[in-house]
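Here is the structure we will look at.
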Amino acid sequence: MTETNAKIHVLADETLGGIKREYVEVDRKAEVGEKIVIVEKDDLEEGYENGDVFTVDRHRPGKSHVESDEARCGGNIDGFILREEYHVLEPTDIVHIDGRRYEMIDRKAELGEKVMYVDESGESYGIVTEVLAVGAGVVDVAEYEEPSGAVIVGFSHDRYRVLVPIEAAEDEPTPADPIDVIASLAQEVASLKRTVDRHRDEIDTLYKDKRTLGEELARLKYPAKNESTIESAPFVLVIHEGRGEFDVYQRGKKIENISRLEIEAYSRLSSSIDLQFDGVGERP
């Protein structure tokens with residue numbers, strides 16, 4: 001794994017068939033065959049700039065500088081690069097394949113894992129395949145063809161690296177943009193405000209429901225005057241206005257099957273009143 005604060009470069013690695021690999025900048029003298037990056041170019045016109053990457057071809061005994069054929073130009077025919085001008089790029093075990101980061105691990109593979117063949121020097125064609133079966137000394141892999149034309153169906157356990165995905169949460173953190181932070185906070189505040197408004201509406205609804213329930217309980221506890229009259233009066237006539245119907249209660253209990261009713265009432269003049277309800281029909 002790479003250091004958290006190290007500067008990372010992602011470059012194609014020819015030793016892995018051109019697969020992109022992560023390199024870490026290290027401030028030390030380079031060895032032949034290592035990659036370097038120009039970090040503080042000398043004022044002279046050497047034909048390269050800060051950020052250029054070269055491979056060291058040679059360094060002279062007793063000299064601190066290195067030379068690279070890639071750095072050659074008319075004013076620098078030897079590809080001369082001073083020690084103060086570069087940092088060494090050390091390869092890590094992290095590679096980029098199909099947009100994802102993987103760590104190359106030297107261990108026995110498990111069924112279904114991705115693996116990549118490497119030779120005794122650690123180099124590879126860069127072909128990734130999947131483990132189909134794990135044996136005592138070999139793994140069977142999904143068949144593929146090497147550039148040489150050979151068909152490969154398995155490797156011994158010392159001839160591959162397991163490719164373990166690196167989750168996004170483990171990636172190197174990047175500084176947050178203040179504008180993005182402010183925009184994110186504004187969205188969170190707006191979301192919290194909507195939540196508060198929704199809770200306030202719910203509280204108002206619960207309060208109204210509570211008040212309605214209290215009124216209903218009070219009505220049941222203290223019946224209306226007409227209801228108590230029905231329960232206490234000997235006979236009560238209830239006329240349904242506009243419907244041509246009526247009900248008769250005796251001591252609060254409804255009398256069924258009444259279709260005609262005559263009422264005789266006495267006044268101070270001793271006269272009688274007959275009430276007849278026509279069109280009521282046969283009541284059940």
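Letters A, B, ... go to the chains of the structure tokens in the order shown; residues in each chain start at 1; ligands are counted from 1 in the same order.
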Taking 5 positions as the minimum chain separation for residues in the same chain, which residues sit within 10 Å of Lys254 of chain A when counting only C-alpha atoms? Answer as an MDAnalysis selection string.
chainID A and resid 230 235:237 247:249
How would the residues just picked look written out with N, CA and C atoms as a compact mmCIF listing (two decimals), in the first residue's frame?
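After the write, out.txt holds the following:
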# COMPACT_ATOMS: atom_id res chain seq x y z
N ILE A 230 -85.54 11.37 25.44
CA ILE A 230 -86.06 10.12 24.87
C ILE A 230 -86.02 9.01 25.90
N PHE A 235 -93.56 8.44 26.21
CA PHE A 235 -93.62 8.27 24.76
C PHE A 235 -92.98 9.50 24.10
N VAL A 236 -92.18 9.23 23.06
CA VAL A 236 -91.56 10.31 22.30
C VAL A 236 -91.74 10.03 20.82
N LEU A 237 -92.24 11.07 20.10
CA LEU A 237 -92.42 10.97 18.66
C LEU A 237 -91.29 11.75 17.99
N ASP A 247 -90.50 7.98 13.97
CA ASP A 247 -90.19 6.90 14.90
C ASP A 247 -90.84 7.22 16.22
N VAL A 248 -91.28 6.15 16.94
CA VAL A 248 -91.90 6.30 18.25
C VAL A 248 -91.05 5.55 19.26
N TYR A 249 -90.71 6.23 20.38
CA TYR A 249 -89.93 5.63 21.44
C TYR A 249 -90.76 5.53 22.69
Practice item. Just list the residues in segment 37-164 of chain A DSSP gives helix (DSSP H, G or I) on the backbone, as a PyMOL selection string. Key: chain A and resi 69-71+83-85
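Every protein, DNA or RNA residue with an atom at most 10 Å from Glu120 of chain A, where only C-alpha atoms count and chain neighbours fewer than 6 positions away do not, is listed here: Asp158, Arg159 and Tyr160 of chain A.
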What separates atom CA of Glu143 of chain A and atom CA of His157 of chain A is a distance of 16.7 Å
Could you build a table of the residues in segment 46-144 of chain A lying no more than 9 Å from segment 29-42 of chain A, giving for each the nearest pair of atoms and their separation in Å rounded to one decimal place, using only C-alpha atoms, ordered by chain and ascending residue number, as a Markdown table?
| residue | atom | partner | partner_atom | distance |
| --- | --- | --- | --- | --- |
| A:Glu46 | CA | A:Asp42 | CA | 8.0 |
| A:Tyr48 | CA | A:Lys41 | CA | 7.9 |
| A:Glu49 | CA | A:Lys41 | CA | 6.3 |
| A:Asn50 | CA | A:Ile38 | CA | 4.8 |
| A:Gly51 | CA | A:Ile38 | CA | 5.1 |
| A:Asp52 | CA | A:Ile38 | CA | 5.5 |
| A:Val53 | CA | A:Val37 | CA | 4.4 |
| A:Phe54 | CA | A:Ile36 | CA | 5.4 |
| A:Thr55 | CA | A:Lys35 | CA | 4.4 |
| A:Val56 | CA | A:Val32 | CA | 5.0 |
| A:Asp57 | CA | A:Val32 | CA | 5.5 |
| A:Arg58 | CA | A:Val32 | CA | 5.4 |
| A:His59 | CA | A:Val32 | CA | 7.0 |
| A:Ser64 | CA | A:Lys29 | CA | 7.4 |
| A:His65 | CA | A:Lys29 | CA | 8.1 |
| A:Val66 | CA | A:Ala30 | CA | 7.4 |
| A:Ile81 | CA | A:Ile38 | CA | 8.8 |
| A:Leu82 | CA | A:Asp42 | CA | 8.1 |
| A:Arg83 | CA | A:Lys29 | CA | 6.6 |
| A:Glu84 | CA | A:Glu40 | CA | 7.0 |
| A:Glu85 | CA | A:Glu40 | CA | 4.7 |
| A:Tyr86 | CA | A:Ile38 | CA | 4.4 |
| A:His87 | CA | A:Val37 | CA | 5.5 |
| A:Val88 | CA | A:Ile36 | CA | 4.4 |
| A:Leu89 | CA | A:Ile36 | CA | 5.3 |
| A:Glu90 | CA | A:Lys35 | CA | 7.4 |
| A:Pro91 | CA | A:Lys35 | CA | 8.9 |
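The coordinates place atom CA of Glu216 of chain A at 27.2 Å from atom CA of Arg198 of chain A.
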For segment 102-115 of chain A, please output as a list in words all residues within 6 Å (counting only C-alpha atoms; exclusion window: fewer than 2 positions along the same chain). Asp93, Ile94, Val95, Val128, Thr129, Glu130, Val131, Leu132, Ala133, Arg161, Val162, Leu163, Val164, Pro165 and Ile166 of chain A
I need the residues in segment 11-123 of chain A that are strand (DSSP E or B) according to DSSP; give them as a compact mmCIF listing (two decimals) with C-alpha atoms, in the first residue's frame.
# COMPACT_ATOMS: atom_id res chain seq x y z
CA LEU A 11 1.78 5.47 -15.31
CA ALA A 12 1.68 2.60 -17.77
CA ASP A 13 4.04 -0.18 -16.61
CA ILE A 19 -1.26 -1.91 -17.23
CA LYS A 20 -1.42 1.40 -15.36
CA ARG A 21 0.37 1.31 -12.04
CA GLU A 22 0.68 3.74 -9.13
CA TYR A 23 4.16 5.14 -8.38
CA VAL A 24 5.28 7.12 -5.31
CA GLU A 25 7.73 10.04 -5.43
CA VAL A 26 10.85 9.47 -3.32
CA LYS A 35 11.67 6.00 -13.47
CA ILE A 36 12.20 9.60 -12.37
CA VAL A 37 10.07 12.75 -12.50
CA ILE A 38 11.45 16.27 -12.97
CA VAL A 53 8.98 11.45 -16.61
CA PHE A 54 12.11 9.59 -17.79
CA THR A 55 13.75 6.21 -17.34
CA ARG A 58 23.02 5.18 -16.93
CA VAL A 66 21.94 10.52 -13.98
CA GLU A 67 21.47 10.32 -17.73
CA CYS A 73 18.33 17.37 -26.98
CA ASN A 76 21.96 18.20 -23.70
CA PHE A 80 22.23 14.90 -18.33
CA ILE A 81 19.91 15.34 -15.29
CA TYR A 86 14.35 14.87 -9.98
CA HIS A 87 12.61 12.47 -7.61
CA VAL A 88 12.56 8.70 -8.06
CA LEU A 89 9.22 7.06 -8.88
CA GLU A 90 8.99 3.83 -6.88
CA PRO A 91 6.35 1.32 -8.08
CA THR A 92 3.61 0.25 -5.67
CA ASP A 93 1.48 -2.91 -5.76
CA ILE A 94 -1.61 -0.94 -6.81
CA VAL A 95 -2.75 -1.17 -10.42
CA HIS A 96 -5.68 0.33 -12.35
CA ILE A 97 -7.77 -2.07 -14.45
CA ARG A 100 -10.92 0.22 -10.74
CA ARG A 101 -8.01 0.02 -8.31
CA TYR A 102 -6.60 -3.37 -7.31
CA GLU A 103 -3.78 -4.40 -5.02
CA MET A 104 -1.50 -7.17 -6.30
CA ILE A 105 -0.98 -9.68 -3.47
CA LYS A 114 -9.04 -12.28 -10.31
CA VAL A 115 -5.40 -13.19 -10.92
CA MET A 116 -2.59 -12.18 -13.27
CA TYR A 117 0.32 -14.38 -14.35
